[in-house]
Structures are given as structure tokens and as C-alpha cells.
>>> print(open('final_9.pdb').read())   # PDB, C-alpha atoms and all ligand atoms
ATOM      1  CA  MET A 184     -51.496  40.470 -38.928
ATOM      2  CA  ALA A 185     -49.563  37.449 -40.203
ATOM      3  CA  GLY A 186     -50.922  38.071 -43.704
ATOM      4  CA  THR A 187     -49.545  41.583 -43.740
ATOM      5  CA  SER A 188     -46.016  40.635 -42.876
ATOM      6  CA  SER A 189     -45.967  37.733 -45.310
ATOM      7  CA  LEU A 190     -47.045  39.954 -48.225
ATOM      8  CA  LEU A 191     -44.292  42.425 -47.461
ATOM      9  CA  ASP A 192     -41.797  39.621 -46.841
ATOM     10  CA  ARG A 193     -42.573  38.115 -50.235
ATOM     11  CA  TYR A 194     -42.341  41.535 -51.859
ATOM     12  CA  ARG A 195     -38.904  42.210 -50.362
ATOM     13  CA  LEU A 196     -37.756  38.723 -51.323
ATOM     14  CA  VAL A 197     -38.883  39.190 -54.931
ATOM     15  CA  GLN A 198     -37.124  42.555 -55.098
ATOM     16  CA  ALA A 199     -33.927  40.938 -53.799
ATOM     17  CA  GLN A 200     -34.231  38.072 -56.293
ATOM     18  CA  ILE A 201     -34.650  40.524 -59.156
ATOM     19  CA  GLU A 202     -31.568  42.430 -58.004
ATOM     20  CA  ASN A 203     -29.564  39.206 -57.780
ATOM     21  CA  ALA A 204     -30.660  38.081 -61.237
ATOM     22  CA  ALA A 205     -29.720  41.496 -62.611
ATOM     23  CA  ARG A 206     -26.319  41.391 -60.975
ATOM     24  CA  ASP A 207     -25.669  37.867 -62.284
ATOM     25  CA  ALA A 208     -26.551  39.111 -65.767
ATOM     26  CA  GLY A 209     -24.248  42.123 -65.417
ATOM     27  CA  ARG A 210     -27.209  44.497 -65.577
ATOM     28  CA  GLY A 211     -28.251  47.415 -63.404
ATOM     29  CA  PRO A 212     -31.344  46.596 -61.325
ATOM     30  CA  SER A 213     -32.807  50.035 -62.106
ATOM     31  CA  ASN A 214     -33.454  48.889 -65.687
ATOM     32  CA  ILE A 215     -35.774  46.125 -64.513
ATOM     33  CA  HIS A 216     -39.250  47.041 -63.338
ATOM     34  CA  LEU A 217     -41.430  44.813 -61.236
ATOM     35  CA  LEU A 218     -45.015  44.727 -62.438
ATOM     36  CA  ALA A 219     -47.126  43.294 -59.613
ATOM     37  CA  VAL A 220     -49.861  41.209 -61.252
ATOM     38  CA  SER A 221     -52.810  41.854 -58.967
ATOM     39  CA  LYS A 222     -55.508  39.772 -60.681
ATOM     40  CA  GLN A 223     -57.816  38.217 -58.079
ATOM     41  CA  GLN A 224     -56.311  40.393 -55.365
ATOM     42  CA  PRO A 225     -58.625  42.810 -53.562
ATOM     43  CA  ALA A 226     -58.000  46.556 -53.508
ATOM     44  CA  ALA A 227     -56.958  46.377 -49.840
ATOM     45  CA  VAL A 228     -54.033  44.084 -50.680
ATOM     46  CA  ILE A 229     -52.975  46.319 -53.571
ATOM     47  CA  LEU A 230     -53.086  49.273 -51.206
ATOM     48  CA  GLU A 231     -50.818  47.464 -48.778
ATOM     49  CA  LEU A 232     -48.254  46.897 -51.488
ATOM     50  CA  ALA A 233     -48.614  50.484 -52.700
ATOM     51  CA  ALA A 234     -47.827  51.642 -49.169
ATOM     52  CA  ALA A 235     -44.595  49.639 -49.389
ATOM     53  CA  GLY A 236     -43.647  51.580 -52.517
ATOM     54  CA  GLN A 237     -44.958  49.448 -55.388
ATOM     55  CA  ARG A 238     -46.473  51.587 -58.160
ATOM     56  CA  ASP A 239     -47.010  49.335 -61.183
ATOM     57  CA  PHE A 240     -49.887  46.874 -61.126
ATOM     58  CA  GLY A 241     -51.099  44.503 -63.844
ATOM     59  CA  GLU A 242     -54.635  43.284 -64.440
ATOM     60  CA  ASN A 243     -56.075  40.782 -66.954
ATOM     61  CA  TYR A 244     -59.806  41.210 -66.651
ATOM     62  CA  LEU A 245     -61.437  44.549 -67.234
ATOM     63  CA  GLN A 246     -64.557  43.869 -65.168
ATOM     64  CA  GLU A 247     -62.384  42.958 -62.237
ATOM     65  CA  ALA A 248     -59.894  45.776 -62.717
ATOM     66  CA  LEU A 249     -62.180  48.795 -63.123
ATOM     67  CA  PRO A 250     -63.642  48.826 -59.584
ATOM     68  CA  LYS A 251     -60.158  48.431 -58.122
ATOM     69  CA  ILE A 252     -58.758  51.231 -60.282
ATOM     70  CA  ARG A 253     -61.611  53.468 -59.160
ATOM     71  CA  ALA A 254     -61.230  52.540 -55.508
ATOM     72  CA  LEU A 255     -57.517  53.344 -55.644
ATOM     73  CA  SER A 256     -57.698  56.406 -57.884
ATOM     74  CA  HIS A 257     -56.386  58.665 -55.105
ATOM     75  CA  GLN A 258     -53.160  56.603 -55.117
ATOM     76  CA  ASP A 259     -50.502  57.446 -57.661
ATOM     77  CA  LEU A 260     -50.513  54.016 -59.326
ATOM     78  CA  ILE A 261     -49.688  52.917 -62.866
ATOM     79  CA  TRP A 262     -52.117  50.366 -64.285
ATOM     80  CA  HIS A 263     -51.052  47.881 -66.955
ATOM     81  CA  PHE A 264     -53.536  45.854 -68.964
ATOM     82  CA  ILE A 265     -52.064  42.392 -69.609
ATOM     83  CA  GLY A 266     -55.115  40.344 -70.634
ATOM     84  CA  GLN A 267     -56.552  39.468 -74.007
ATOM     85  CA  ILE A 268     -58.318  42.460 -75.556
ATOM     86  CA  GLN A 269     -61.828  42.220 -76.946
ATOM     87  CA  SER A 270     -62.549  45.003 -79.405
ATOM     88  CA  ASN A 271     -65.743  46.058 -77.598
ATOM     89  CA  LYS A 272     -63.681  46.746 -74.442
ATOM     90  CA  THR A 273     -61.000  48.988 -75.889
ATOM     91  CA  ARG A 274     -62.631  52.230 -74.727
ATOM     92  CA  PHE A 275     -62.457  51.226 -71.074
ATOM     93  CA  ILE A 276     -58.854  50.188 -71.495
ATOM     94  CA  ALA A 277     -57.917  53.422 -73.282
ATOM     95  CA  GLU A 278     -59.561  55.473 -70.532
ATOM     96  CA  ASN A 279     -58.326  53.659 -67.438
ATOM     97  CA  PHE A 280     -54.872  52.193 -68.074
ATOM     98  CA  GLN A 281     -51.468  53.767 -68.679
ATOM     99  CA  TRP A 282     -49.974  50.669 -70.344
ATOM    100  CA  VAL A 283     -51.270  47.866 -72.558
ATOM    101  CA  HIS A 284     -48.969  44.871 -73.068
ATOM    102  CA  THR A 285     -51.120  42.619 -75.230
ATOM    103  CA  ILE A 286     -51.714  44.234 -78.607
ATOM    104  CA  ASP A 287     -51.520  41.671 -81.392
ATOM    105  CA  ARG A 288     -53.476  43.241 -84.243
ATOM    106  CA  LEU A 289     -53.743  46.641 -85.863
ATOM    107  CA  LYS A 290     -57.492  46.976 -85.449
ATOM    108  CA  ILE A 291     -57.170  46.905 -81.658
ATOM    109  CA  ALA A 292     -54.327  49.429 -81.744
ATOM    110  CA  GLN A 293     -56.357  51.766 -83.959
ATOM    111  CA  ARG A 294     -59.328  51.631 -81.617
ATOM    112  CA  LEU A 295     -57.135  52.350 -78.586
ATOM    113  CA  ASP A 296     -55.567  55.245 -80.478
ATOM    114  CA  GLU A 297     -58.958  56.749 -81.357
ATOM    115  CA  GLN A 298     -60.341  56.231 -77.866
ATOM    116  CA  ARG A 299     -57.395  57.436 -75.811
ATOM    117  CA  PRO A 300     -58.629  60.644 -74.119
ATOM    118  CA  HIS A 301     -56.895  63.781 -75.304
ATOM    119  CA  PHE A 302     -56.271  64.987 -71.767
ATOM    120  CA  SER A 303     -54.231  61.828 -71.064
ATOM    121  CA  PRO A 304     -50.654  61.202 -72.149
ATOM    122  CA  PRO A 305     -50.176  58.668 -74.971
ATOM    123  CA  LEU A 306     -50.975  55.093 -74.037
ATOM    124  CA  GLN A 307     -47.757  53.091 -73.591
ATOM    125  CA  VAL A 308     -48.056  49.838 -75.522
ATOM    126  CA  CYS A 309     -46.264  46.596 -76.229
ATOM    127  CA  ILE A 310     -46.948  44.065 -78.969
ATOM    128  CA  GLN A 311     -47.572  40.541 -77.742
ATOM    129  CA  VAL A 312     -45.480  38.006 -79.653
ATOM    130  CA  LYS A 313     -46.371  34.355 -80.022
ATOM    131  CA  LEU A 314     -43.381  32.027 -79.757
ATOM    132  CA  ALA A 315     -45.227  28.698 -79.901
ATOM    133  CA  GLU A 316     -48.658  27.494 -80.936
ATOM    134  CA  GLU A 317     -50.823  27.517 -77.837
ATOM    135  CA  PRO A 318     -54.594  27.427 -78.068
ATOM    136  CA  GLY A 319     -56.317  30.372 -76.458
ATOM    137  CA  LYS A 320     -53.231  32.556 -76.273
ATOM    138  CA  GLY A 321     -52.902  35.722 -78.263
ATOM    139  CA  GLY A 322     -49.866  37.176 -79.962
ATOM    140  CA  VAL A 323     -48.537  37.901 -83.413
ATOM    141  CA  TRP A 324     -46.106  35.452 -84.990
ATOM    142  CA  PRO A 325     -42.613  36.911 -85.507
ATOM    143  CA  ALA A 326     -43.172  36.998 -89.286
ATOM    144  CA  GLY A 327     -45.993  39.521 -88.866
ATOM    145  CA  LEU A 328     -44.156  41.668 -86.385
ATOM    146  CA  PRO A 329     -42.251  44.199 -88.556
ATOM    147  CA  THR A 330     -45.350  45.423 -90.405
ATOM    148  CA  LEU A 331     -47.494  45.558 -87.289
ATOM    149  CA  ALA A 332     -44.802  47.441 -85.352
ATOM    150  CA  GLN A 333     -44.353  50.049 -88.117
ATOM    151  CA  ASP A 334     -48.118  50.584 -88.329
ATOM    152  CA  ILE A 335     -48.565  50.943 -84.568
ATOM    153  CA  ALA A 336     -45.576  53.260 -84.265
ATOM    154  CA  ARG A 337     -47.406  55.730 -86.537
ATOM    155  CA  LEU A 338     -50.476  56.038 -84.280
ATOM    156  CA  PRO A 339     -50.264  59.416 -82.494
ATOM    157  CA  ARG A 340     -52.106  58.562 -79.249
ATOM    158  CA  LEU A 341     -50.081  55.396 -78.667
ATOM    159  CA  ARG A 342     -46.430  55.107 -77.848
ATOM    160  CA  LEU A 343     -44.969  51.777 -78.919
ATOM    161  CA  ARG A 344     -42.465  50.745 -76.242
ATOM    162  CA  GLY A 345     -41.588  47.160 -77.106
ATOM    163  CA  LEU A 346     -42.558  43.515 -77.013
ATOM    164  CA  MET A 347     -44.263  41.162 -74.597
ATOM    165  CA  CYS A 348     -44.590  37.388 -74.473
ATOM    166  CA  ILE A 349     -46.155  34.638 -72.400
ATOM    167  CA  PRO A 350     -44.082  31.607 -73.335
ATOM    168  CA  PRO A 351     -45.294  28.076 -72.687
ATOM    169  CA  PRO A 352     -44.112  26.750 -69.316
ATOM    170  CA  VAL A 353     -40.649  25.248 -69.754
ATOM    171  CA  GLU A 354     -38.794  23.584 -66.913
ATOM    172  CA  ASN A 355     -35.126  24.253 -67.329
ATOM    173  CA  LEU A 356     -33.307  27.539 -67.381
ATOM    174  CA  ALA A 357     -31.517  26.940 -70.689
ATOM    175  CA  ALA A 358     -34.773  26.301 -72.561
ATOM    176  CA  GLN A 359     -36.411  29.317 -70.913
ATOM    177  CA  ARG A 360     -33.472  31.465 -71.950
ATOM    178  CA  ARG A 361     -33.707  30.343 -75.580
ATOM    179  CA  LEU A 362     -37.313  31.572 -75.774
ATOM    180  CA  PHE A 363     -36.466  34.904 -74.208
ATOM    181  CA  ALA A 364     -33.373  35.276 -76.393
ATOM    182  CA  ASN A 365     -35.726  35.157 -79.407
ATOM    183  CA  MET A 366     -37.533  38.147 -77.981
ATOM    184  CA  ARG A 367     -34.314  40.069 -77.442
ATOM    185  CA  GLU A 368     -33.337  39.411 -81.063
ATOM    186  CA  LEU A 369     -36.766  40.425 -82.382
ATOM    187  CA  LEU A 370     -36.540  43.722 -80.481
ATOM    188  CA  ALA A 371     -33.041  44.386 -81.814
ATOM    189  CA  ALA A 372     -34.207  43.650 -85.372
ATOM    190  CA  LEU A 373     -37.043  46.170 -85.048
ATOM    191  CA  ASN A 374     -34.673  48.787 -83.660
ATOM    192  CA  ASN A 375     -32.409  48.165 -86.649
ATOM    193  CA  THR A 376     -35.277  49.250 -88.888
ATOM    194  CA  GLY A 377     -35.403  52.640 -87.177
ATOM    195  CA  LEU A 378     -37.827  52.069 -84.317
ATOM    196  CA  LYS A 379     -36.733  53.095 -80.825
ATOM    197  CA  LEU A 380     -38.102  50.402 -78.548
ATOM    198  CA  ASP A 381     -36.850  50.056 -74.982
ATOM    199  CA  THR A 382     -39.144  47.489 -73.379
ATOM    200  CA  LEU A 383     -39.175  43.711 -73.109
ATOM    201  CA  SER A 384     -42.121  42.641 -70.953
ATOM    202  CA  MET A 385     -41.235  39.048 -70.186
ATOM    203  CA  GLY A 386     -40.734  36.755 -67.234
ATOM    204  CA  MET A 387     -43.251  35.674 -64.607
ATOM    205  CA  SER A 388     -42.871  34.056 -61.190
ATOM    206  CA  GLY A 389     -41.577  30.788 -62.710
ATOM    207  CA  ASP A 390     -39.107  32.139 -65.252
ATOM    208  CA  PHE A 391     -38.096  35.699 -64.382
ATOM    209  CA  VAL A 392     -34.435  34.783 -63.784
ATOM    210  CA  ALA A 393     -34.091  33.536 -67.373
ATOM    211  CA  ALA A 394     -35.996  36.581 -68.667
ATOM    212  CA  ILE A 395     -33.703  39.002 -66.829
ATOM    213  CA  ALA A 396     -30.654  37.177 -68.184
ATOM    214  CA  GLU A 397     -31.997  37.828 -71.700
ATOM    215  CA  GLY A 398     -32.839  41.480 -71.248
ATOM    216  CA  ALA A 399     -36.304  41.752 -69.681
ATOM    217  CA  THR A 400     -37.096  45.308 -68.601
ATOM    218  CA  ILE A 401     -40.505  44.496 -67.074
ATOM    219  CA  VAL A 402     -41.089  41.262 -65.169
ATOM    220  CA  ARG A 403     -44.732  40.466 -64.458
ATOM    221  CA  MET A 404     -45.024  38.694 -61.134
ATOM    222  CA  GLY A 405     -48.208  37.470 -59.492
ATOM    223  CA  THR A 406     -47.847  34.445 -57.244
ATOM    224  CA  ALA A 407     -44.300  35.237 -56.149
ATOM    225  CA  VAL A 408     -45.525  38.533 -54.695
ATOM    226  CA  PHE A 409     -49.079  37.788 -53.573
ATOM    227  CA  GLY A 410     -48.943  34.040 -52.946
ATOM    228  CA  PRO A 411     -50.976  31.403 -54.796
ATOM    229  CA  ARG A 412     -54.217  32.511 -56.463
ATOM    230  CA  PRO A 413     -57.431  30.768 -55.418
ATOM    231  CA  ASP A 414     -57.990  29.283 -58.933
TER
HETATM  232  C1  LIG A 501     -51.100  35.945 -64.288
HETATM  233  C2  LIG A 501     -50.133  36.551 -65.225
HETATM  234  C3  LIG A 501     -48.824  36.836 -64.825
HETATM  235  C4  LIG A 501     -48.270  36.481 -63.464
HETATM  236  O1  LIG A 501     -48.147  35.105 -63.337
HETATM  237  P1  LIG A 501     -47.430  34.458 -62.057
HETATM  238  O2  LIG A 501     -47.019  33.122 -62.553
HETATM  239  O3  LIG A 501     -48.453  34.397 -60.998
HETATM  240  O4  LIG A 501     -46.283  35.317 -61.705
HETATM  241  C5  LIG A 501     -47.996  37.477 -65.727
HETATM  242  N1  LIG A 501     -48.411  37.804 -66.965
HETATM  243  C6  LIG A 501     -49.656  37.540 -67.390
HETATM  244  C7  LIG A 501     -50.055  37.938 -68.755
HETATM  245  C8  LIG A 501     -50.549  36.893 -66.538
HETATM  246  O5  LIG A 501     -51.777  36.618 -66.986
END
>>> encode(input="final_9.pdb", output="C-alpha cells")
Amino acid sequence: MAGTSSLLDRYRLVQAQIENAARDAGRGPSNIHLLAVSKQQPAAVILELAAAGQRDFGENYLQEALPKIRALSHQDLIWHFIGQIQSNKTRFIAENFQWVHTIDRLKIAQRLDEQRPHFSPPLQVCIQVKLAEEPGKGGVWPAGLPTLAQDIARLPRLRLRGLMCIPPPVENLAAQRRLFANMRELLAALNNTGLKLDTLSMGMSGDFVAAIAEGATIVRMGTAVFGPRPD
């Protein structure tokens, strides 16, 4: 059972690293949530982590996520959609996830709002922000953010929680922090216009320390928790 102990070892290590980064930033660790990005991980591995106390899991691909969500539906897990959203897939997302991090246009938000089942609580959502031109990556440019945020905040079946980003890979901590500081400032600017946003979904295995230093409340970690993905 070497695999078992190494998953739990990595999980404990990541939790300790998050706590250290929080302490170094003068923040309470309870304000930083670990989202375990379980793409390409089988349901059995997710179950193992759930047994260790992890509740929040992130998935990018709907076709891959739905069978896992079904297989684990007896567990009390919180599923976050963190992939690009095609408009013909919004119904499945609205019906099966509790969070969506990657909204970057109103049309998608409106569809999720219409399709969110009435017996479910509002869908918790973040707007994905684009900080640099990167082909194939979604996100709204900062200039379009205020209008989009106001429009989404009015949708009754969604609850706008904050902002998310996937910055380009940057090597050094100072440069990583500058990108994440932009996000912190964008969130503060929106809150100054009357919104009440409490979430910054930013930081992955390679840059979560910088993200926590700049106010991340959700860090999305895949490889650091599960080990390298086969791709
Ligand atoms: C895969 C992925 C992650 C996790 O990346 P790691 O580098 O493995 O931690 C986080 N966020 C998104 C949107 C992803 O697609």
C-alpha cells in the first residue's frame, strides 16, 4: 500500500505548506481552502482523500467528472467546475456542481442561472479573469470585469463569490506575486462598487505560496496532492 501512504503524505505536506504560507503572510489558515484538483484521478483515489477529510474537489472535463460525481454521490463532497465552459454543457454543470470558477461571459452565466435546479441552493460562482494574452485560455480582461460582475450579481440562482485566474507560468516569487496582487486589487475595486465578494481562487501547485501572500482564499492544487498526471 505504498501508494496509499504517499497520497496521504503529500496531502498532509500540502496542508502544512498552506498553513506555513498563511502564517508568513500574517493570515489565518482557516481563510484558505484547499481545492483538490482531481482531473485524471479515479474515483477510488478521490475516495481515499475524502476519507482523510478533504471535501472540495475540482474537475475540468465534464465527461470525466460526471461518472465520478455519481460514483461518489453518497459522500458529502463539494464539486467545483474549473474547466472551460461550452454553452451546450451548462445544464450538466448547473445540475451536478456546487461551484463554477470559470465564468467569463454573461451568456454562460444566464444559462447556468436558468438551468440551476430549484431544489438546489444557488450555484456559487467566480469570474475568470485574464491577466495576459494566452491562446486557448478563457477569462475576461479587467476592463470588462465591472459590467460583467454587476450583471452576474443580479442573477437569482447564482451567487457571485469572487474572481479566479490561471496566470501564465512565471518562475520567480516576486513576478508571481505581482500577478496575484492585480487580482486582489480587482476584487477590492469591485467591492468598492457595492458588491460583497469574498473569494480569490488563485494559486496552483507551482505558485500557491505567492497566491496566499496576495490574498488567495481557494488554492487549486493537483500535482502537489496527487502526484504528476499521466499527460
Ligand atoms: C489542473 C489545474 C489546476 C491544478 O494544477 P496543478 O499544477 O496540478 O496544481 C488548477 N487549476 C486549474 C484550472 C487546472 O486546470
>>> closest_residue(input="final_9.pdb", among="A:Val197, A:Leu260, A:Leu295, A:Ala205", to="ligand LIG 501 (chain A)", atoms="all atoms listed in the file")
A:Val197
>>> residues_around(input="final_9.pdb", residues="Ala204 in chain A", least_positions_apart="3", cutoff="9 Å", atoms="all atoms listed in the file", output="ChimeraX atom specification")
/A:199-201,207-210,212,391-393,395-396
>>> closest_residue(input="final_9.pdb", among="A:Lys222, A:His216, A:Arg361, A:Lys320", to="Thr382 in chain A", atoms="only C-alpha atoms")
A:His216
>>> resolve_selection(input="final_9.pdb", expression="the PyMOL selection byres (((chain A and resi 236) around 12) and not hetatm)", output="list in words")
Leu191, Tyr194, Arg195, Gln198, Leu217, Ala219, Ile229, Leu230, Glu231, Leu232, Ala233, Ala234, Ala235, Gln237, Arg238, Asp239, Phe240, Gln258, Asp259 and Leu260 of chain A
>>> residues_near_ligand(input="final_9.pdb", ligand="ligand LIG 501 (chain A)", cutoff="12 Å", atoms="all atoms listed in the file", output="PyMOL selection string")
chain A and resi 197+217-224+240-244+263-268+283-286+311-312+320-322+347-352+384-391+401-414
>>> atom_distance(input="final_9.pdb", atom1="CA of Trp262 in chain A", atom2="CA of Leu370 in chain A")
23.4 Å
>>> atom_distance(input="final_9.pdb", atom1="CA of Ala399 in chain A", atom2="CA of Ile276 in chain A")
24.1 Å
>>> residues_near_point(input="final_9.pdb", point="(-44.4, 53.5, -73.0)", cutoff="9 Å", atoms="only C-alpha atoms", output="mmCIF file with C-alpha atoms, in the frame of the given file")
data_model
loop_
_atom_site.group_PDB
_atom_site.id
_atom_site.type_symbol
_atom_site.label_atom_id
_atom_site.label_comp_id
_atom_site.auth_asym_id
_atom_site.auth_seq_id
_atom_site.Cartn_x
_atom_site.Cartn_y
_atom_site.Cartn_z
ATOM 1 C CA GLN A 281 -51.468 53.767 -68.679
ATOM 2 C CA TRP A 282 -49.974 50.669 -70.344
ATOM 3 C CA VAL A 283 -51.270 47.866 -72.558
ATOM 4 C CA PRO A 305 -50.176 58.668 -74.971
ATOM 5 C CA LEU A 306 -50.975 55.093 -74.037
ATOM 6 C CA GLN A 307 -47.757 53.091 -73.591
ATOM 7 C CA VAL A 308 -48.056 49.838 -75.522
ATOM 8 C CA CYS A 309 -46.264 46.596 -76.229
ATOM 9 C CA LEU A 341 -50.081 55.396 -78.667
ATOM 10 C CA ARG A 342 -46.430 55.107 -77.848
ATOM 11 C CA LEU A 343 -44.969 51.777 -78.919
ATOM 12 C CA ARG A 344 -42.465 50.745 -76.242
ATOM 13 C CA GLY A 345 -41.588 47.160 -77.106
ATOM 14 C CA LEU A 380 -38.102 50.402 -78.548
ATOM 15 C CA ASP A 381 -36.850 50.056 -74.982
ATOM 16 C CA THR A 382 -39.144 47.489 -73.379
#
>>> atom_distance(input="final_9.pdb", atom1="CA of Glu317 in chain A", atom2="CA of Leu362 in chain A")
14.3 Å
>>> closest_residue(input="final_9.pdb", among="A:Leu346, A:Ala226, A:Ala254, A:Ala357", to="Pro325 in chain A", atoms="all atoms listed in the file")
A:Leu346
>>> resolve_selection(input="final_9.pdb", expression="the PyMOL selection byres (((chain A and resi 333) around 10) and not hetatm)", output="list of chain:residue names")
A:Leu328, A:Pro329, A:Thr330, A:Leu331, A:Ala332, A:Asp334, A:Ile335, A:Ala336, A:Arg337, A:Leu338, A:Leu343, A:Leu373, A:Thr376, A:Gly377, A:Leu378
>>> closest_residue(input="final_9.pdb", among="A:Ala394, A:Ala292, A:Pro250, A:Ile215", to="Ala358 in chain A", atoms="all atoms listed in the file")
A:Ala394
>>> axis_aligned_box(input="final_9.pdb", around="range 309-324 of chain A", padding_each_side="6 Å", output="AutoDock Vina command-line options")
--center_x -49.8 --center_y 37.0 --center_z -80.6 --size_x 24.9 --size_y 31.2 --size_z 20.8
>>> closest_residue(input="final_9.pdb", among="A:Phe275, A:Asp192, A:Pro225, A:Arg299", to="Lys251 in chain A", atoms="all atoms listed in the file")
A:Pro225
>>> closest_residue(input="final_9.pdb", among="A:Ala248, A:Leu314, A:Ala277, A:Leu255", to="Gln359 in chain A", atoms="only C-alpha atoms")
A:Leu314
>>> build_atoms(input="final_9.pdb", residues="range 311-320 of chain A", atoms="all heavy atoms", output="short mmCIF file (atom, residue, chain, number, x, y, z; two decimals), keeping the file's coordinate frame")
data_model
loop_
_atom_site.label_atom_id
_atom_site.label_comp_id
_atom_site.auth_asym_id
_atom_site.auth_seq_id
_atom_site.Cartn_x
_atom_site.Cartn_y
_atom_site.Cartn_z
N GLN A 311 -47.74 41.91 -78.24
CA GLN A 311 -47.57 40.54 -77.74
C GLN A 311 -47.14 39.63 -78.88
O GLN A 311 -47.76 39.59 -79.94
CB GLN A 311 -48.88 40.03 -77.13
CG GLN A 311 -48.72 38.64 -76.53
CD GLN A 311 -49.98 38.14 -75.85
OE1 GLN A 311 -50.95 38.88 -75.67
NE2 GLN A 311 -49.96 36.87 -75.46
N VAL A 312 -46.06 38.90 -78.64
CA VAL A 312 -45.48 38.01 -79.65
C VAL A 312 -45.76 36.56 -79.25
O VAL A 312 -45.65 36.20 -78.08
CB VAL A 312 -43.95 38.25 -79.77
CG1 VAL A 312 -43.34 37.31 -80.80
CG2 VAL A 312 -43.66 39.70 -80.12
N LYS A 313 -46.10 35.77 -80.24
CA LYS A 313 -46.37 34.35 -80.02
C LYS A 313 -45.12 33.57 -80.41
O LYS A 313 -44.62 33.71 -81.52
CB LYS A 313 -47.55 33.96 -80.92
CG LYS A 313 -48.24 32.67 -80.55
CD LYS A 313 -49.06 32.15 -81.71
CE LYS A 313 -50.36 32.86 -81.94
NZ LYS A 313 -51.54 32.00 -81.76
N LEU A 314 -44.61 32.78 -79.49
CA LEU A 314 -43.38 32.03 -79.76
C LEU A 314 -43.66 30.55 -80.01
O LEU A 314 -42.79 29.82 -80.46
CB LEU A 314 -42.41 32.16 -78.58
CG LEU A 314 -41.91 33.57 -78.29
CD1 LEU A 314 -41.11 33.60 -77.01
CD2 LEU A 314 -41.08 34.11 -79.45
N ALA A 315 -44.87 30.11 -79.69
CA ALA A 315 -45.23 28.70 -79.90
C ALA A 315 -46.73 28.64 -80.05
O ALA A 315 -47.44 29.52 -79.57
CB ALA A 315 -44.79 27.85 -78.70
N GLU A 316 -47.21 27.64 -80.76
CA GLU A 316 -48.66 27.49 -80.94
C GLU A 316 -49.27 27.04 -79.62
O GLU A 316 -48.93 26.00 -79.09
CB GLU A 316 -48.95 26.48 -82.04
CG GLU A 316 -50.43 26.35 -82.36
CD GLU A 316 -51.09 27.68 -82.72
OE1 GLU A 316 -50.79 28.20 -83.79
OE2 GLU A 316 -51.90 28.19 -81.93
N GLU A 317 -50.14 27.88 -79.08
CA GLU A 317 -50.82 27.52 -77.84
C GLU A 317 -52.26 27.97 -77.95
O GLU A 317 -52.52 29.17 -78.06
CB GLU A 317 -50.17 28.21 -76.64
CG GLU A 317 -48.93 27.54 -76.15
CD GLU A 317 -48.51 28.19 -74.84
OE1 GLU A 317 -48.00 29.32 -74.89
OE2 GLU A 317 -48.73 27.59 -73.79
N PRO A 318 -53.19 27.05 -77.91
CA PRO A 318 -54.59 27.43 -78.07
C PRO A 318 -55.01 28.44 -77.01
O PRO A 318 -54.61 28.32 -75.84
CB PRO A 318 -55.35 26.10 -77.87
CG PRO A 318 -54.33 25.02 -77.82
CD PRO A 318 -52.98 25.64 -77.64
N GLY A 319 -55.78 29.42 -77.42
CA GLY A 319 -56.32 30.37 -76.46
C GLY A 319 -55.37 31.49 -76.08
O GLY A 319 -55.73 32.36 -75.30
N LYS A 320 -54.15 31.46 -76.59
CA LYS A 320 -53.23 32.56 -76.27
C LYS A 320 -53.08 33.47 -77.47
O LYS A 320 -52.98 33.01 -78.60
CB LYS A 320 -51.87 32.01 -75.87
CG LYS A 320 -51.79 31.77 -74.37
CD LYS A 320 -50.36 31.59 -73.91
CE LYS A 320 -50.32 31.01 -72.50
NZ LYS A 320 -49.03 30.42 -72.19
#
